[in-house]
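Source file: my_file-v9.txt. Holds: compact mmCIF, N, CA and C atoms.
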```
# COMPACT_ATOMS: atom_id res chain seq x y z
N MET A 1 101.86 121.15 126.72
CA MET A 1 100.53 120.77 127.16
C MET A 1 100.21 121.56 128.43
N SER A 2 99.08 122.22 128.45
CA SER A 2 98.69 122.99 129.64
C SER A 2 98.21 122.03 130.72
N HIS A 3 98.04 122.54 131.92
CA HIS A 3 97.61 121.68 133.02
C HIS A 3 96.16 121.23 132.86
N HIS A 4 95.42 121.81 131.89
CA HIS A 4 94.03 121.40 131.65
C HIS A 4 93.91 120.28 130.61
N GLU A 5 94.96 120.08 129.83
CA GLU A 5 94.91 119.07 128.77
C GLU A 5 95.27 117.70 129.32
N THR A 6 94.69 116.68 128.72
CA THR A 6 95.05 115.32 129.09
C THR A 6 95.91 114.76 127.97
N PRO A 7 96.82 113.84 128.28
CA PRO A 7 97.66 113.27 127.24
C PRO A 7 96.81 112.55 126.20
N MET A 8 97.26 112.62 124.95
CA MET A 8 96.55 111.95 123.86
C MET A 8 96.77 110.46 123.95
N GLY A 9 95.69 109.70 123.83
CA GLY A 9 95.78 108.25 123.91
C GLY A 9 96.16 107.61 122.59
N ASP A 10 96.48 106.33 122.65
CA ASP A 10 96.89 105.58 121.46
C ASP A 10 95.80 105.52 120.41
N ALA A 11 94.54 105.39 120.83
CA ALA A 11 93.43 105.32 119.86
C ALA A 11 93.35 106.63 119.07
N GLU A 12 93.57 107.75 119.74
CA GLU A 12 93.54 109.04 119.06
C GLU A 12 94.70 109.16 118.07
N LYS A 13 95.87 108.69 118.46
CA LYS A 13 97.03 108.76 117.57
C LYS A 13 96.83 107.85 116.36
N ARG A 14 96.30 106.67 116.57
CA ARG A 14 96.00 105.76 115.46
C ARG A 14 95.02 106.44 114.49
N ALA A 15 94.00 107.10 115.04
CA ALA A 15 93.01 107.78 114.20
C ALA A 15 93.66 108.91 113.38
N ILE A 16 94.59 109.64 113.96
CA ILE A 16 95.31 110.69 113.23
C ILE A 16 96.05 110.08 112.04
N ILE A 17 96.72 108.96 112.27
CA ILE A 17 97.46 108.29 111.20
C ILE A 17 96.52 107.87 110.07
N VAL A 18 95.41 107.25 110.43
CA VAL A 18 94.44 106.80 109.42
C VAL A 18 93.91 108.00 108.63
N ARG A 19 93.57 109.08 109.34
CA ARG A 19 93.05 110.28 108.65
C ARG A 19 94.09 110.87 107.71
N MET A 20 95.36 110.92 108.14
CA MET A 20 96.39 111.50 107.29
C MET A 20 96.58 110.68 106.02
N PHE A 21 96.66 109.35 106.14
CA PHE A 21 96.83 108.50 104.96
C PHE A 21 95.63 108.63 104.02
N ALA A 22 94.42 108.66 104.57
CA ALA A 22 93.21 108.80 103.74
C ALA A 22 93.20 110.15 103.04
N ALA A 23 93.59 111.20 103.74
CA ALA A 23 93.61 112.53 103.14
C ALA A 23 94.65 112.61 102.03
N LEU A 24 95.82 112.00 102.23
CA LEU A 24 96.84 111.99 101.17
C LEU A 24 96.32 111.28 99.93
N GLU A 25 95.68 110.14 100.14
CA GLU A 25 95.16 109.39 99.00
C GLU A 25 94.09 110.18 98.26
N ALA A 26 93.32 110.98 98.98
CA ALA A 26 92.27 111.80 98.38
C ALA A 26 92.81 113.14 97.85
N SER A 27 94.13 113.33 97.96
CA SER A 27 94.76 114.61 97.57
C SER A 27 94.17 115.79 98.32
N ASP A 28 93.73 115.57 99.56
CA ASP A 28 93.23 116.63 100.42
C ASP A 28 94.39 117.05 101.34
N PHE A 29 95.25 117.90 100.80
CA PHE A 29 96.50 118.22 101.48
C PHE A 29 96.28 119.07 102.73
N GLU A 30 95.21 119.86 102.73
CA GLU A 30 94.90 120.63 103.94
C GLU A 30 94.57 119.68 105.09
N ALA A 31 93.74 118.67 104.82
CA ALA A 31 93.40 117.69 105.85
C ALA A 31 94.63 116.84 106.22
N ALA A 32 95.48 116.54 105.24
CA ALA A 32 96.66 115.70 105.50
C ALA A 32 97.63 116.39 106.44
N THR A 33 97.67 117.72 106.41
CA THR A 33 98.61 118.45 107.27
C THR A 33 97.94 119.03 108.52
N ALA A 34 96.64 118.78 108.68
CA ALA A 34 95.91 119.39 109.80
C ALA A 34 96.44 118.97 111.16
N GLU A 35 96.99 117.76 111.25
CA GLU A 35 97.43 117.25 112.56
C GLU A 35 98.93 116.94 112.60
N ILE A 36 99.67 117.60 111.72
CA ILE A 36 101.12 117.45 111.78
C ILE A 36 101.73 118.76 112.26
N ALA A 37 102.87 118.64 112.88
CA ALA A 37 103.56 119.82 113.41
C ALA A 37 104.06 120.70 112.26
N LYS A 38 104.12 121.99 112.51
CA LYS A 38 104.64 122.92 111.48
C LYS A 38 106.07 122.56 111.09
N ASP A 39 106.85 122.04 112.05
CA ASP A 39 108.23 121.65 111.76
C ASP A 39 108.36 120.16 111.45
N PHE A 40 107.27 119.56 111.00
CA PHE A 40 107.24 118.15 110.58
C PHE A 40 108.38 117.88 109.60
N VAL A 41 108.99 116.70 109.75
CA VAL A 41 110.06 116.27 108.85
C VAL A 41 109.68 114.92 108.27
N GLN A 42 109.75 114.81 106.95
CA GLN A 42 109.53 113.54 106.26
C GLN A 42 110.83 113.18 105.56
N GLU A 43 111.28 111.93 105.76
CA GLU A 43 112.55 111.48 105.18
C GLU A 43 112.34 110.25 104.32
N TRP A 44 113.05 110.21 103.21
CA TRP A 44 113.08 109.05 102.31
C TRP A 44 114.54 108.61 102.20
N PRO A 45 115.02 107.77 103.11
CA PRO A 45 116.43 107.39 103.14
C PRO A 45 116.95 106.78 101.84
N GLN A 46 116.09 106.08 101.11
CA GLN A 46 116.59 105.41 99.90
C GLN A 46 117.01 106.41 98.83
N SER A 47 116.43 107.61 98.84
CA SER A 47 116.85 108.63 97.87
C SER A 47 117.66 109.73 98.55
N GLY A 48 117.77 109.68 99.88
CA GLY A 48 118.53 110.68 100.62
C GLY A 48 117.80 112.00 100.78
N GLU A 49 116.48 112.01 100.58
CA GLU A 49 115.73 113.26 100.64
C GLU A 49 115.11 113.47 102.02
N ARG A 50 115.08 114.76 102.40
CA ARG A 50 114.42 115.17 103.64
C ARG A 50 113.56 116.40 103.30
N ILE A 51 112.30 116.33 103.67
CA ILE A 51 111.39 117.46 103.48
C ILE A 51 111.15 118.05 104.86
N SER A 52 111.52 119.30 105.02
CA SER A 52 111.40 119.95 106.33
C SER A 52 110.26 120.96 106.31
N GLY A 53 109.31 120.77 107.20
CA GLY A 53 108.20 121.69 107.35
C GLY A 53 106.95 121.21 106.65
N SER A 54 105.81 121.41 107.31
CA SER A 54 104.54 120.96 106.75
C SER A 54 104.22 121.66 105.43
N GLU A 55 104.63 122.91 105.28
CA GLU A 55 104.36 123.62 104.03
C GLU A 55 105.13 123.00 102.86
N HIS A 56 106.38 122.62 103.09
CA HIS A 56 107.17 121.98 102.02
C HIS A 56 106.59 120.61 101.67
N CYS A 57 106.11 119.88 102.68
CA CYS A 57 105.47 118.59 102.41
C CYS A 57 104.27 118.79 101.50
N THR A 58 103.46 119.79 101.81
CA THR A 58 102.28 120.06 100.99
C THR A 58 102.67 120.35 99.55
N VAL A 59 103.71 121.15 99.33
CA VAL A 59 104.15 121.48 97.97
C VAL A 59 104.62 120.22 97.24
N VAL A 60 105.40 119.38 97.90
CA VAL A 60 105.88 118.15 97.27
C VAL A 60 104.70 117.25 96.94
N TRP A 61 103.81 117.04 97.89
CA TRP A 61 102.66 116.17 97.67
C TRP A 61 101.77 116.71 96.54
N ARG A 62 101.53 118.02 96.54
CA ARG A 62 100.66 118.63 95.53
C ARG A 62 101.25 118.49 94.12
N ASN A 63 102.56 118.47 94.01
CA ASN A 63 103.22 118.42 92.71
C ASN A 63 103.64 117.01 92.29
N TYR A 64 103.15 116.00 92.99
CA TYR A 64 103.51 114.62 92.66
C TYR A 64 103.07 114.30 91.23
N PRO A 65 103.99 113.89 90.37
CA PRO A 65 103.62 113.61 88.96
C PRO A 65 102.49 112.58 88.87
N GLY A 66 101.44 112.94 88.18
CA GLY A 66 100.31 112.03 88.02
C GLY A 66 99.39 111.98 89.23
N GLY A 67 99.60 112.82 90.22
CA GLY A 67 98.79 112.82 91.43
C GLY A 67 99.30 111.82 92.45
N MET A 68 98.80 111.93 93.65
CA MET A 68 99.23 111.04 94.73
C MET A 68 98.87 109.60 94.41
N PRO A 69 99.79 108.67 94.68
CA PRO A 69 99.48 107.26 94.44
C PRO A 69 98.43 106.75 95.43
N ARG A 70 97.82 105.64 95.07
CA ARG A 70 96.82 105.01 95.94
C ARG A 70 97.55 104.26 97.04
N MET A 71 97.23 104.59 98.30
CA MET A 71 97.90 103.97 99.44
C MET A 71 96.90 103.13 100.22
N THR A 72 97.27 101.89 100.48
CA THR A 72 96.43 101.01 101.27
C THR A 72 97.19 100.63 102.54
N ILE A 73 96.63 100.98 103.68
CA ILE A 73 97.26 100.61 104.95
C ILE A 73 97.05 99.12 105.17
N ARG A 74 98.14 98.41 105.41
CA ARG A 74 98.08 96.98 105.71
C ARG A 74 98.07 96.73 107.21
N ALA A 75 98.80 97.54 107.96
CA ALA A 75 98.87 97.37 109.41
C ALA A 75 99.39 98.65 110.05
N ILE A 76 98.91 98.92 111.26
CA ILE A 76 99.41 100.02 112.08
C ILE A 76 99.74 99.42 113.43
N ARG A 77 100.96 99.67 113.88
CA ARG A 77 101.39 99.17 115.19
C ARG A 77 102.10 100.31 115.92
N GLY A 78 101.93 100.33 117.21
CA GLY A 78 102.65 101.31 117.99
C GLY A 78 101.93 101.68 119.25
N SER A 79 102.57 102.56 119.98
CA SER A 79 101.99 103.12 121.19
C SER A 79 102.81 104.34 121.57
N GLY A 80 102.22 105.16 122.38
CA GLY A 80 102.93 106.37 122.80
C GLY A 80 103.27 107.23 121.59
N ASP A 81 104.51 107.63 121.49
CA ASP A 81 104.93 108.52 120.41
C ASP A 81 105.58 107.81 119.23
N GLN A 82 105.69 106.48 119.25
CA GLN A 82 106.36 105.72 118.20
C GLN A 82 105.38 104.78 117.50
N TRP A 83 105.24 104.91 116.18
CA TRP A 83 104.28 104.12 115.41
C TRP A 83 104.92 103.61 114.13
N VAL A 84 104.42 102.48 113.65
CA VAL A 84 104.88 101.89 112.38
C VAL A 84 103.64 101.61 111.53
N VAL A 85 103.70 102.02 110.27
CA VAL A 85 102.62 101.76 109.33
C VAL A 85 103.19 100.94 108.18
N GLU A 86 102.57 99.79 107.91
CA GLU A 86 102.90 99.00 106.72
C GLU A 86 101.84 99.34 105.69
N SER A 87 102.27 99.60 104.45
CA SER A 87 101.30 99.95 103.42
C SER A 87 101.73 99.42 102.07
N SER A 88 100.78 99.43 101.17
CA SER A 88 101.00 99.11 99.77
C SER A 88 100.67 100.37 98.98
N ILE A 89 101.53 100.71 98.05
CA ILE A 89 101.36 101.94 97.29
C ILE A 89 101.27 101.60 95.81
N ALA A 90 100.16 101.98 95.18
CA ALA A 90 99.96 101.73 93.75
C ALA A 90 100.29 103.00 92.98
N TYR A 91 101.37 102.93 92.22
CA TYR A 91 101.79 104.04 91.35
C TYR A 91 101.27 103.75 89.94
N PRO A 92 101.19 104.78 89.09
CA PRO A 92 100.77 104.52 87.71
C PRO A 92 101.63 103.46 87.01
N GLY A 93 102.93 103.38 87.33
CA GLY A 93 103.81 102.43 86.66
C GLY A 93 104.14 101.18 87.44
N GLY A 94 103.51 100.97 88.58
CA GLY A 94 103.82 99.79 89.37
C GLY A 94 103.39 99.93 90.81
N ARG A 95 103.93 99.06 91.64
CA ARG A 95 103.51 99.02 93.03
C ARG A 95 104.71 98.85 93.94
N SER A 96 104.62 99.41 95.12
CA SER A 96 105.66 99.25 96.13
C SER A 96 105.01 98.92 97.46
N LEU A 97 105.77 98.25 98.28
CA LEU A 97 105.39 98.05 99.67
C LEU A 97 106.19 99.07 100.46
N ALA A 98 105.60 99.57 101.54
CA ALA A 98 106.27 100.62 102.30
C ALA A 98 106.13 100.37 103.79
N VAL A 99 107.13 100.83 104.51
CA VAL A 99 107.10 100.87 105.97
C VAL A 99 107.38 102.32 106.35
N SER A 100 106.50 102.88 107.16
CA SER A 100 106.66 104.26 107.62
C SER A 100 106.83 104.26 109.13
N LEU A 101 107.88 104.90 109.58
CA LEU A 101 108.12 105.08 111.01
C LEU A 101 107.63 106.48 111.36
N LEU A 102 106.68 106.56 112.27
CA LEU A 102 106.06 107.84 112.61
C LEU A 102 106.33 108.19 114.06
N GLU A 103 106.55 109.47 114.29
CA GLU A 103 106.78 109.96 115.66
C GLU A 103 105.81 111.10 115.95
N PHE A 104 105.28 111.08 117.16
CA PHE A 104 104.43 112.16 117.65
C PHE A 104 105.22 112.99 118.65
N ARG A 105 104.88 114.26 118.68
CA ARG A 105 105.41 115.17 119.71
C ARG A 105 104.27 116.12 120.07
N ASP A 106 103.94 116.19 121.33
CA ASP A 106 102.87 117.07 121.81
C ASP A 106 101.56 116.85 121.07
N GLY A 107 101.23 115.58 120.78
CA GLY A 107 99.96 115.25 120.16
C GLY A 107 99.86 115.49 118.66
N ARG A 108 100.98 115.82 118.02
CA ARG A 108 101.00 116.04 116.58
C ARG A 108 102.07 115.17 115.95
N LEU A 109 101.83 114.76 114.72
CA LEU A 109 102.88 114.03 114.00
C LEU A 109 104.04 114.97 113.75
N SER A 110 105.24 114.54 114.12
CA SER A 110 106.40 115.42 113.99
C SER A 110 107.46 114.87 113.03
N ARG A 111 107.44 113.57 112.77
CA ARG A 111 108.48 112.98 111.91
C ARG A 111 107.94 111.72 111.26
N GLU A 112 108.33 111.51 110.00
CA GLU A 112 107.97 110.31 109.27
C GLU A 112 109.17 109.89 108.43
N VAL A 113 109.56 108.65 108.56
CA VAL A 113 110.63 108.08 107.74
C VAL A 113 110.02 106.93 106.96
N ASP A 114 110.10 107.01 105.62
CA ASP A 114 109.47 106.02 104.75
C ASP A 114 110.51 105.18 104.03
N TYR A 115 110.30 103.86 104.04
CA TYR A 115 111.14 102.92 103.30
C TYR A 115 110.25 102.22 102.27
N PHE A 116 110.72 102.11 101.05
CA PHE A 116 109.95 101.53 99.95
C PHE A 116 110.67 100.34 99.35
N ALA A 117 109.90 99.35 98.90
CA ALA A 117 110.48 98.19 98.22
C ALA A 117 109.46 97.64 97.24
N GLU A 118 109.94 97.25 96.07
CA GLU A 118 109.05 96.61 95.10
C GLU A 118 108.91 95.14 95.45
N PRO A 119 107.69 94.59 95.27
CA PRO A 119 107.52 93.15 95.50
C PRO A 119 108.36 92.34 94.52
N PHE A 120 108.74 91.14 94.91
CA PHE A 120 109.51 90.26 94.02
C PHE A 120 109.04 88.83 94.22
N PRO A 121 109.21 88.01 93.20
CA PRO A 121 108.77 86.61 93.33
C PRO A 121 109.61 85.86 94.36
N ALA A 122 108.97 84.99 95.09
CA ALA A 122 109.68 84.18 96.08
C ALA A 122 110.62 83.22 95.36
N PRO A 123 111.88 83.16 95.78
CA PRO A 123 112.81 82.24 95.14
C PRO A 123 112.50 80.78 95.46
N ALA A 124 112.67 79.94 94.48
CA ALA A 124 112.35 78.51 94.62
C ALA A 124 113.24 77.81 95.65
N TRP A 125 114.46 78.26 95.86
CA TRP A 125 115.40 77.54 96.72
C TRP A 125 114.94 77.40 98.16
N ARG A 126 114.07 78.31 98.62
CA ARG A 126 113.64 78.21 100.02
C ARG A 126 112.19 77.75 100.17
N ALA A 127 111.58 77.30 99.08
CA ALA A 127 110.16 76.92 99.08
C ALA A 127 109.82 75.86 100.13
N GLN A 128 110.75 74.95 100.41
CA GLN A 128 110.46 73.88 101.36
C GLN A 128 110.36 74.36 102.80
N TRP A 129 110.83 75.58 103.09
CA TRP A 129 110.83 76.08 104.46
C TRP A 129 109.86 77.23 104.71
N VAL A 130 109.22 77.71 103.65
CA VAL A 130 108.34 78.87 103.81
C VAL A 130 106.95 78.56 103.28
N THR A 131 105.99 79.34 103.73
CA THR A 131 104.68 79.29 103.11
C THR A 131 104.54 80.54 102.25
N LEU A 132 103.84 80.42 101.17
CA LEU A 132 103.66 81.54 100.24
C LEU A 132 102.26 82.10 100.40
N ASP A 133 102.19 83.38 100.71
CA ASP A 133 100.91 84.06 100.86
C ASP A 133 100.88 85.22 99.88
N PRO A 134 100.41 84.99 98.66
CA PRO A 134 100.38 86.06 97.64
C PRO A 134 99.60 87.29 98.08
N ALA A 135 98.66 87.12 99.01
CA ALA A 135 97.88 88.27 99.48
C ALA A 135 98.78 89.30 100.17
N MET A 136 99.90 88.86 100.71
CA MET A 136 100.79 89.81 101.38
C MET A 136 101.34 90.85 100.42
N VAL A 137 101.61 90.46 99.19
CA VAL A 137 102.17 91.42 98.22
C VAL A 137 101.11 92.03 97.33
N GLN A 138 99.87 91.55 97.41
CA GLN A 138 98.80 92.06 96.55
C GLN A 138 98.09 93.26 97.15
N ALA A 139 98.10 93.40 98.45
CA ALA A 139 97.32 94.48 99.10
C ALA A 139 97.81 95.84 98.67
```
Since I need it in another form, could you write the structure as structure tokens?
Amino acid sequence: MSHHETPMGDAEKRAIIVRMFAALEASDFEAATAEIAKDFVQEWPQSGERISGSEHCTVVWRNYPGGMPRMTIRAIRGSGDQWVVESSIAYPGGRSLAVSLLEFRDGRLSREVDYFAEPFPAPAWRAQWVTLDPAMVQA
């Protein structure tokens, strides 16, 4: 950052996240990578995959079988360089809930780690201690 630049605020970082998710859903890969670092890293720990570089991310996203799934942001939390996005992802064959851990460096997204889980019915054994909110798994 030069001495003329001001640090990026949380509202700006939140807006970058929203724009990136919207661009991915629209399959606008140029817009999706517009505010990520060239050395951006995306990781999917459940499959052990790491995509290194914004260009490789674009290739993976562009070649997603059946096109990019529909992503609905449920919540965004964070400040500074550390952010968490909760989302629901609709695939042609089903749906997953996801948590994405995002990191900024020098005002650009530099790292994303995504965790995915399929919704499951609430077990009856704990019904007396919990409330059931079907909207949580429907979004």
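Distance annotation: of A:Arg77, A:Arg126, A:Arg95, A:Arg111, the residue with the minimal separation from Asp10 of chain A is A:Arg77; atom set is only C-alpha atoms.
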Counting only N, CA and C atoms, which residues sit no farther than 8 Å from the position (107.8, 94.4, 96.9) in the file's frame? I'd like them as an mmCIF file with N, CA and C atoms, in the frame of the given file.
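selection-v1.cif was written with the following content:
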```cif
data_model
loop_
_atom_site.group_PDB
_atom_site.id
_atom_site.type_symbol
_atom_site.label_atom_id
_atom_site.label_comp_id
_atom_site.auth_asym_id
_atom_site.auth_seq_id
_atom_site.Cartn_x
_atom_site.Cartn_y
_atom_site.Cartn_z
ATOM 1 N N ARG A 95 103.930 99.060 91.640
ATOM 2 C CA ARG A 95 103.510 99.020 93.030
ATOM 3 C C ARG A 95 104.710 98.850 93.940
ATOM 4 N N SER A 96 104.620 99.410 95.120
ATOM 5 C CA SER A 96 105.660 99.250 96.130
ATOM 6 C C SER A 96 105.010 98.920 97.460
ATOM 7 N N LEU A 97 105.770 98.250 98.280
ATOM 8 C CA LEU A 97 105.390 98.050 99.670
ATOM 9 C C LEU A 97 106.190 99.070 100.460
ATOM 10 N N ALA A 98 105.600 99.570 101.540
ATOM 11 C CA ALA A 98 106.270 100.620 102.300
ATOM 12 C C ALA A 98 106.130 100.370 103.790
ATOM 13 N N PHE A 116 110.720 102.110 101.050
ATOM 14 C CA PHE A 116 109.950 101.530 99.950
ATOM 15 C C PHE A 116 110.670 100.340 99.350
ATOM 16 N N ALA A 117 109.900 99.350 98.900
ATOM 17 C CA ALA A 117 110.480 98.190 98.220
ATOM 18 C C ALA A 117 109.460 97.640 97.240
ATOM 19 N N GLU A 118 109.940 97.250 96.070
ATOM 20 C CA GLU A 118 109.050 96.610 95.100
ATOM 21 C C GLU A 118 108.910 95.140 95.450
ATOM 22 N N PRO A 119 107.690 94.590 95.270
ATOM 23 C CA PRO A 119 107.520 93.150 95.500
ATOM 24 C C PRO A 119 108.360 92.340 94.520
ATOM 25 N N PHE A 120 108.740 91.140 94.910
ATOM 26 C CA PHE A 120 109.510 90.260 94.020
ATOM 27 C C PHE A 120 109.040 88.830 94.220
ATOM 28 N N PRO A 121 109.210 88.010 93.200
ATOM 29 C CA PRO A 121 108.770 86.610 93.330
ATOM 30 C C PRO A 121 109.610 85.860 94.360
ATOM 31 N N VAL A 137 101.610 90.460 99.190
ATOM 32 C CA VAL A 137 102.170 91.420 98.220
ATOM 33 C C VAL A 137 101.110 92.030 97.330
#
```
Enumerate, as a PyMOL selection string, the complete set of residues in segment 9-103 of chain A that a backbone-based DSSP assignment places in strand (DSSP E or B). chain A and resi 36-44+49-52+70-79+82-91+94-103
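Minimum atom-to-atom distance to Arg105 of chain A, evaluated using only N, CA and C atoms, belongs to A:Ala37 out of A:Ala37, A:Ala11, A:Leu24, A:Ala90.
Here atom N of Arg14 of chain A and atom N of Val85 of chain A stand 10.8 Å from one another.
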Using the chain letters and numbers from this document, which residues of segment 9-137 of chain A does DSSP assign to alpha helix (DSSP H), as a PDB file with N, CA and C atoms, in the coordinates of the input?
```pdb
ATOM      1  N   ASP A  10      96.480 106.330 122.650  1.00  0.00           N
ATOM      2  CA  ASP A  10      96.890 105.580 121.460  1.00  0.00           C
ATOM      3  C   ASP A  10      95.800 105.520 120.410  1.00  0.00           C
ATOM      4  N   ALA A  11      94.540 105.390 120.830  1.00  0.00           N
ATOM      5  CA  ALA A  11      93.430 105.320 119.860  1.00  0.00           C
ATOM      6  C   ALA A  11      93.350 106.630 119.070  1.00  0.00           C
ATOM      7  N   GLU A  12      93.570 107.750 119.740  1.00  0.00           N
ATOM      8  CA  GLU A  12      93.540 109.040 119.060  1.00  0.00           C
ATOM      9  C   GLU A  12      94.700 109.160 118.070  1.00  0.00           C
ATOM     10  N   LYS A  13      95.870 108.690 118.460  1.00  0.00           N
ATOM     11  CA  LYS A  13      97.030 108.760 117.570  1.00  0.00           C
ATOM     12  C   LYS A  13      96.830 107.850 116.360  1.00  0.00           C
ATOM     13  N   ARG A  14      96.300 106.670 116.570  1.00  0.00           N
ATOM     14  CA  ARG A  14      96.000 105.760 115.460  1.00  0.00           C
ATOM     15  C   ARG A  14      95.020 106.440 114.490  1.00  0.00           C
ATOM     16  N   ALA A  15      94.000 107.100 115.040  1.00  0.00           N
ATOM     17  CA  ALA A  15      93.010 107.780 114.200  1.00  0.00           C
ATOM     18  C   ALA A  15      93.660 108.910 113.380  1.00  0.00           C
ATOM     19  N   ILE A  16      94.590 109.640 113.960  1.00  0.00           N
ATOM     20  CA  ILE A  16      95.310 110.690 113.230  1.00  0.00           C
ATOM     21  C   ILE A  16      96.050 110.080 112.040  1.00  0.00           C
ATOM     22  N   ILE A  17      96.720 108.960 112.270  1.00  0.00           N
ATOM     23  CA  ILE A  17      97.460 108.290 111.200  1.00  0.00           C
ATOM     24  C   ILE A  17      96.520 107.870 110.070  1.00  0.00           C
ATOM     25  N   VAL A  18      95.410 107.250 110.430  1.00  0.00           N
ATOM     26  CA  VAL A  18      94.440 106.800 109.420  1.00  0.00           C
ATOM     27  C   VAL A  18      93.910 108.000 108.630  1.00  0.00           C
ATOM     28  N   ARG A  19      93.570 109.080 109.340  1.00  0.00           N
ATOM     29  CA  ARG A  19      93.050 110.280 108.650  1.00  0.00           C
ATOM     30  C   ARG A  19      94.090 110.870 107.710  1.00  0.00           C
ATOM     31  N   MET A  20      95.360 110.920 108.140  1.00  0.00           N
ATOM     32  CA  MET A  20      96.390 111.500 107.290  1.00  0.00           C
ATOM     33  C   MET A  20      96.580 110.680 106.020  1.00  0.00           C
ATOM     34  N   PHE A  21      96.660 109.350 106.140  1.00  0.00           N
ATOM     35  CA  PHE A  21      96.830 108.500 104.960  1.00  0.00           C
ATOM     36  C   PHE A  21      95.630 108.630 104.020  1.00  0.00           C
ATOM     37  N   ALA A  22      94.420 108.660 104.570  1.00  0.00           N
ATOM     38  CA  ALA A  22      93.210 108.800 103.740  1.00  0.00           C
ATOM     39  C   ALA A  22      93.200 110.150 103.040  1.00  0.00           C
ATOM     40  N   ALA A  23      93.590 111.200 103.740  1.00  0.00           N
ATOM     41  CA  ALA A  23      93.610 112.530 103.140  1.00  0.00           C
ATOM     42  C   ALA A  23      94.650 112.610 102.030  1.00  0.00           C
ATOM     43  N   LEU A  24      95.820 112.000 102.230  1.00  0.00           N
ATOM     44  CA  LEU A  24      96.840 111.990 101.170  1.00  0.00           C
ATOM     45  C   LEU A  24      96.320 111.280  99.930  1.00  0.00           C
ATOM     46  N   GLU A  25      95.680 110.140 100.140  1.00  0.00           N
ATOM     47  CA  GLU A  25      95.160 109.390  99.000  1.00  0.00           C
ATOM     48  C   GLU A  25      94.090 110.180  98.260  1.00  0.00           C
ATOM     49  N   PHE A  29      95.250 117.900 100.800  1.00  0.00           N
ATOM     50  CA  PHE A  29      96.500 118.220 101.480  1.00  0.00           C
ATOM     51  C   PHE A  29      96.280 119.070 102.730  1.00  0.00           C
ATOM     52  N   GLU A  30      95.210 119.860 102.730  1.00  0.00           N
ATOM     53  CA  GLU A  30      94.900 120.630 103.940  1.00  0.00           C
ATOM     54  C   GLU A  30      94.570 119.680 105.090  1.00  0.00           C
ATOM     55  N   ALA A  31      93.740 118.670 104.820  1.00  0.00           N
ATOM     56  CA  ALA A  31      93.400 117.690 105.850  1.00  0.00           C
ATOM     57  C   ALA A  31      94.630 116.840 106.220  1.00  0.00           C
ATOM     58  N   ALA A  32      95.480 116.540 105.240  1.00  0.00           N
ATOM     59  CA  ALA A  32      96.660 115.700 105.500  1.00  0.00           C
ATOM     60  C   ALA A  32      97.630 116.390 106.440  1.00  0.00           C
ATOM     61  N   SER A  54     105.810 121.410 107.310  1.00  0.00           N
ATOM     62  CA  SER A  54     104.540 120.960 106.750  1.00  0.00           C
ATOM     63  C   SER A  54     104.220 121.660 105.430  1.00  0.00           C
ATOM     64  N   GLU A  55     104.630 122.910 105.280  1.00  0.00           N
ATOM     65  CA  GLU A  55     104.360 123.620 104.030  1.00  0.00           C
ATOM     66  C   GLU A  55     105.130 123.000 102.860  1.00  0.00           C
ATOM     67  N   HIS A  56     106.380 122.620 103.090  1.00  0.00           N
ATOM     68  CA  HIS A  56     107.170 121.980 102.020  1.00  0.00           C
ATOM     69  C   HIS A  56     106.590 120.610 101.670  1.00  0.00           C
ATOM     70  N   CYS A  57     106.110 119.880 102.680  1.00  0.00           N
ATOM     71  CA  CYS A  57     105.470 118.590 102.410  1.00  0.00           C
ATOM     72  C   CYS A  57     104.270 118.790 101.500  1.00  0.00           C
ATOM     73  N   THR A  58     103.460 119.790 101.810  1.00  0.00           N
ATOM     74  CA  THR A  58     102.280 120.060 100.990  1.00  0.00           C
ATOM     75  C   THR A  58     102.670 120.350  99.550  1.00  0.00           C
ATOM     76  N   VAL A  59     103.710 121.150  99.330  1.00  0.00           N
ATOM     77  CA  VAL A  59     104.150 121.480  97.970  1.00  0.00           C
ATOM     78  C   VAL A  59     104.620 120.220  97.240  1.00  0.00           C
ATOM     79  N   VAL A  60     105.400 119.380  97.900  1.00  0.00           N
ATOM     80  CA  VAL A  60     105.880 118.150  97.270  1.00  0.00           C
ATOM     81  C   VAL A  60     104.700 117.250  96.940  1.00  0.00           C
ATOM     82  N   TRP A  61     103.810 117.040  97.890  1.00  0.00           N
ATOM     83  CA  TRP A  61     102.660 116.170  97.670  1.00  0.00           C
ATOM     84  C   TRP A  61     101.770 116.710  96.540  1.00  0.00           C
ATOM     85  N   ARG A  62     101.530 118.020  96.540  1.00  0.00           N
ATOM     86  CA  ARG A  62     100.660 118.630  95.530  1.00  0.00           C
ATOM     87  C   ARG A  62     101.250 118.490  94.120  1.00  0.00           C
ATOM     88  N   ALA A 135      98.660  87.120  99.010  1.00  0.00           N
ATOM     89  CA  ALA A 135      97.880  88.270  99.480  1.00  0.00           C
ATOM     90  C   ALA A 135      98.780  89.300 100.170  1.00  0.00           C
ATOM     91  N   MET A 136      99.900  88.860 100.710  1.00  0.00           N
ATOM     92  CA  MET A 136     100.790  89.810 101.380  1.00  0.00           C
ATOM     93  C   MET A 136     101.340  90.850 100.420  1.00  0.00           C
ATOM     94  N   VAL A 137     101.610  90.460  99.190  1.00  0.00           N
ATOM     95  CA  VAL A 137     102.170  91.420  98.220  1.00  0.00           C
ATOM     96  C   VAL A 137     101.110  92.030  97.330  1.00  0.00           C
TER      97      VAL A 137
END
```
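Taking atom N of Lys38 of chain A and atom C of Met20 of chain A as the two end points, the separation is 15.1 Å.
Using only N, CA and C atoms, the shortest contact distance between Gly107 of chain A and any of A:Thr72, A:Ala23, A:Gly94, A:Asp81 is found at A:Asp81.
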The residue from A:Leu102, A:Leu109, A:Val41, A:Met68 with the smallest atom-to-atom distance to Ser27 of chain A, counting all atoms listed in the file, is A:Met68
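Among A:Val84, A:Tyr64, A:Asp28, A:Gln46, the residue with the shortest atom-to-atom distance to Glu103 of chain A, counting all atoms listed in the file, is A:Val84.
We find atom N of Gly93 of chain A and atom CA of Ile36 of chain A to be spaced 28.3 Å apart.
Environment of (103.0, 112.5, 106.0): residues at most 7 Å away, judged by all atoms listed in the file, are Met20, Ala32, Gln42 and Glu112 of chain A.
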